[in-house]
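S.K.: Sharing a structure with you now.
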Amino acid sequence: MLDLSPLLVFFLGFRFAGLLAATAVLILCTLISLAITYRWERRIAIMPLASGLAVTVLGGLTLWLQDETFIKIKPTLVYLLFSSVLLGGVVFGKPVLKYLLSDALQINEQGWKKLSLRWGLFFMFLAVLNEIIWRHFPTSFWVNFKVFGMFTLTLAFTFSQIPLIKKHWIEEKK
């Protein structure tokens, strides 16, 4: 819920006060969410931290320069960063997802490579899709897509990876 609440506040801020106000509350809620996460878990996962940094920097530029472009390219830059890290790990034989998710998933090396490759390509797809949508559709459409469309696509993609995970699952030895 902590990860989703800034997005919902962003959506409501946009609905009632426009993109600049929504950006300001997004920055504030993201920082609060990160602080609460750190207080509870004594750590912040790398993906929310990278996204929070991007929200703060690009959202800050949006507010300072009164230019919507910066907040609109934030998803593109974050997804390209994630994609580059994941695909680079695959190329160099170090599947990054293994280091991020090995506590939760027990899959073999081939599974980690495939999962990292798929997520890297998926993040690249989302980056391209974000670029197409913010450049060719009204801001209201982009906000709805950012809040609801990207979440739905990510959820659907996550569930679509279950067969791969099952195929490469390593049974615990007793």
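In the structure tokens, chains take letters A, B, ... by order of appearance, with residues numbered from 1 within each chain and ligands from 1 in the order shown.
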Residues within 10 Å of segment 20-30 of chain A, please, as an MDAnalysis selection string. Count only C-alpha atoms; anything in the same chain fewer than 3 positions from it doesn't count.
M.R.: chainID A and resid 2:17 33:36 48:49 51:60 62:64 66:68 71 143
S.K.: Would you export the selected residues with N, CA and C atoms as a short mmCIF file (atom, residue, chain, number, x, y, z; two decimals), in the first residue's frame, please?
M.R.:
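Output file out17.cif follows:
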data_model
loop_
_atom_site.label_atom_id
_atom_site.label_comp_id
_atom_site.auth_asym_id
_atom_site.auth_seq_id
_atom_site.Cartn_x
_atom_site.Cartn_y
_atom_site.Cartn_z
N LEU A 2 2.00 1.17 0.71
CA LEU A 2 2.89 2.33 0.74
C LEU A 2 3.43 2.68 -0.64
N ASP A 3 3.64 1.67 -1.48
CA ASP A 3 4.15 1.92 -2.82
C ASP A 3 3.08 2.52 -3.73
N LEU A 4 1.83 2.16 -3.50
CA LEU A 4 0.74 2.61 -4.36
C LEU A 4 0.13 3.93 -3.92
N SER A 5 0.20 4.25 -2.65
CA SER A 5 -0.46 5.46 -2.16
C SER A 5 0.03 6.75 -2.83
N PRO A 6 1.33 6.94 -3.09
CA PRO A 6 1.73 8.16 -3.80
C PRO A 6 1.08 8.27 -5.19
N LEU A 7 0.93 7.15 -5.88
CA LEU A 7 0.30 7.18 -7.20
C LEU A 7 -1.17 7.59 -7.10
N LEU A 8 -1.86 7.06 -6.11
CA LEU A 8 -3.27 7.42 -5.95
C LEU A 8 -3.43 8.89 -5.57
N VAL A 9 -2.53 9.38 -4.72
CA VAL A 9 -2.56 10.79 -4.35
C VAL A 9 -2.24 11.66 -5.58
N PHE A 10 -1.31 11.21 -6.41
CA PHE A 10 -0.99 11.90 -7.66
C PHE A 10 -2.23 12.00 -8.55
N PHE A 11 -2.93 10.89 -8.69
CA PHE A 11 -4.15 10.87 -9.50
C PHE A 11 -5.19 11.86 -8.96
N LEU A 12 -5.42 11.81 -7.65
CA LEU A 12 -6.41 12.72 -7.05
C LEU A 12 -5.95 14.17 -7.14
N GLY A 13 -4.67 14.40 -6.93
CA GLY A 13 -4.14 15.76 -7.07
C GLY A 13 -4.35 16.30 -8.46
N PHE A 14 -4.13 15.47 -9.45
CA PHE A 14 -4.34 15.89 -10.84
C PHE A 14 -5.81 16.20 -11.09
N ARG A 15 -6.68 15.31 -10.61
CA ARG A 15 -8.12 15.49 -10.82
C ARG A 15 -8.65 16.80 -10.25
N PHE A 16 -8.12 17.18 -9.07
CA PHE A 16 -8.68 18.34 -8.38
C PHE A 16 -7.85 19.61 -8.51
N ALA A 17 -6.57 19.50 -8.88
CA ALA A 17 -5.75 20.71 -8.88
C ALA A 17 -4.75 20.81 -10.03
N SER A 33 6.39 7.94 2.15
CA SER A 33 6.32 6.49 1.97
C SER A 33 7.69 5.84 2.16
N LEU A 34 8.73 6.43 1.59
CA LEU A 34 10.09 5.90 1.76
C LEU A 34 10.53 5.97 3.21
N ALA A 35 10.20 7.07 3.89
CA ALA A 35 10.58 7.22 5.30
C ALA A 35 9.88 6.17 6.17
N ILE A 36 8.59 5.96 5.92
CA ILE A 36 7.84 4.95 6.69
C ILE A 36 8.40 3.55 6.42
N PRO A 48 12.20 0.98 -5.33
CA PRO A 48 11.48 2.14 -4.80
C PRO A 48 12.42 3.33 -4.53
N LEU A 49 13.64 3.04 -4.12
CA LEU A 49 14.59 4.11 -3.87
C LEU A 49 14.94 4.85 -5.16
N SER A 51 13.17 4.94 -7.93
CA SER A 51 11.97 5.64 -8.38
C SER A 51 11.72 6.89 -7.54
N GLY A 52 11.93 6.79 -6.23
CA GLY A 52 11.75 7.95 -5.35
C GLY A 52 12.73 9.06 -5.67
N LEU A 53 13.96 8.70 -5.97
CA LEU A 53 14.96 9.70 -6.36
C LEU A 53 14.55 10.38 -7.66
N ALA A 54 14.08 9.58 -8.62
CA ALA A 54 13.64 10.14 -9.90
C ALA A 54 12.43 11.06 -9.72
N VAL A 55 11.48 10.65 -8.87
CA VAL A 55 10.31 11.50 -8.60
C VAL A 55 10.75 12.83 -8.00
N THR A 56 11.67 12.76 -7.05
CA THR A 56 12.11 13.98 -6.37
C THR A 56 12.86 14.91 -7.33
N VAL A 57 13.78 14.36 -8.10
CA VAL A 57 14.58 15.20 -9.01
C VAL A 57 13.74 15.71 -10.18
N LEU A 58 13.09 14.79 -10.89
CA LEU A 58 12.32 15.21 -12.06
C LEU A 58 11.04 15.96 -11.68
N GLY A 59 10.42 15.56 -10.58
CA GLY A 59 9.27 16.32 -10.09
C GLY A 59 9.69 17.72 -9.64
N GLY A 60 10.84 17.79 -8.99
CA GLY A 60 11.37 19.10 -8.59
C GLY A 60 11.64 19.99 -9.79
N THR A 62 10.12 19.76 -12.65
CA THR A 62 8.80 20.10 -13.18
C THR A 62 8.25 21.33 -12.46
N LEU A 63 8.35 21.33 -11.13
CA LEU A 63 7.81 22.45 -10.35
C LEU A 63 8.66 23.71 -10.53
N TRP A 64 9.95 23.56 -10.47
CA TRP A 64 10.85 24.71 -10.56
C TRP A 64 10.75 25.41 -11.91
N GLN A 66 8.30 24.84 -14.11
CA GLN A 66 6.90 24.87 -14.56
C GLN A 66 6.76 24.19 -15.92
N ASP A 67 7.41 23.02 -16.05
CA ASP A 67 7.43 22.28 -17.30
C ASP A 67 7.03 20.82 -17.04
N GLU A 68 5.88 20.43 -17.56
CA GLU A 68 5.34 19.08 -17.34
C GLU A 68 6.21 17.97 -17.92
N ILE A 71 8.16 15.47 -15.39
CA ILE A 71 7.42 14.43 -14.67
C ILE A 71 6.91 13.37 -15.65
N VAL A 143 -2.00 10.64 -17.43
CA VAL A 143 -2.11 10.43 -15.97
C VAL A 143 -2.88 9.15 -15.68
#
S.K.: Quick one: residues within 8 Å of Leu87 of chain A, only C-alpha atoms, excluding same-chain residues fewer than 6 positions away - as a ChimeraX atom specification?
M.R.: /A:116-117,120-121
S.K.: Nearest to Ser160 of chain A: which of A:Leu115, A:Ala50, A:Leu97, A:Ile132 is it, counting only C-alpha atoms?
M.R.: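 Among A:Leu115, A:Ala50, A:Leu97, A:Ile132, it is A:Leu115 that comes nearest to Ser160 of chain A.
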S.K.: Using DSSP assignments from the backbone, pull out every residue in chain A that falls under helix (DSSP H, G or I) and give it to me as a PyMOL selection string.
M.R.: chain A and resi 5-17+19-41+46-65+69-91+96-101+109-136+139-160+162-167
S.K.: A:Ile46, A:Ile73, A:Trp40, A:Ile107: which is nearest Lys146 of chain A, counting only C-alpha atoms?
M.R.: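 The answer is A:Ile73, which sits nearest to Lys146 of chain A.
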S.K.: Do a neighbour search on segment 149-151 of chain A at 9 Å with only C-alpha atoms, toss out local chain neighbours closer than 4 positions, and write the hits as a ChimeraX atom specification.
M.R.: /A:126,130,144-145,155-156
S.K.: Using only C-alpha atoms, can you tell me which of A:Lys94, A:Trp134, A:Phe125, A:Ile44 comes closest to Lys74 of chain A?
M.R.: A:Trp134
S.K.: Enter the distance from atom CA of Val90 of chain A to atom CA of Ser102 of chain A, in Å, rounded to one decimal.
M.R.: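 Value for the atom CA of Val90 of chain A-atom CA of Ser102 of chain A distance: 15.8 Å.
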S.K.: Find, counting only C-alpha atoms, the residue in A:Met124, A:Arg118, A:Leu101, A:Pro95 that gets nearest to Leu81 of chain A.
M.R.: A:Met124
S.K.: At a cut-off of 12 Å, using only C-alpha atoms, what residues contact His168 of chain A? Leave out same-chain residues fewer than 3 positions from it and give the result as a list in words.
M.R.: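 That gives Leu105, Gln106, Ile107, Asn108, Glu109, Gln110, Gly111, Trp112, Lys113, Lys114, Leu115, Gln161, Ile162, Pro163, Leu164, Ile165 and Glu171 of chain A.
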S.K.: Provide the atom CA of Ile133 of chain A to atom CA of Phe148 of chain A distance in Å, to one decimal place.
M.R.: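 So the two atoms, atom CA of Ile133 of chain A and atom CA of Phe148 of chain A, lie 13.4 Å apart.
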S.K.: Using only C-alpha atoms, which of the listed residues (A:Ala127, A:Leu65, A:Leu31, A:Met47) sits closest to Val96 of chain A?
M.R.: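 For Val96 of chain A, the nearest of the given residues is A:Met47.
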S.K.: Could you check how far atom CA of Trp119 of chain A sits from atom CA of Lys98 of chain A, in Å to one decimal?
M.R.: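 Distance reported for this atom pair: 12.1 Å.
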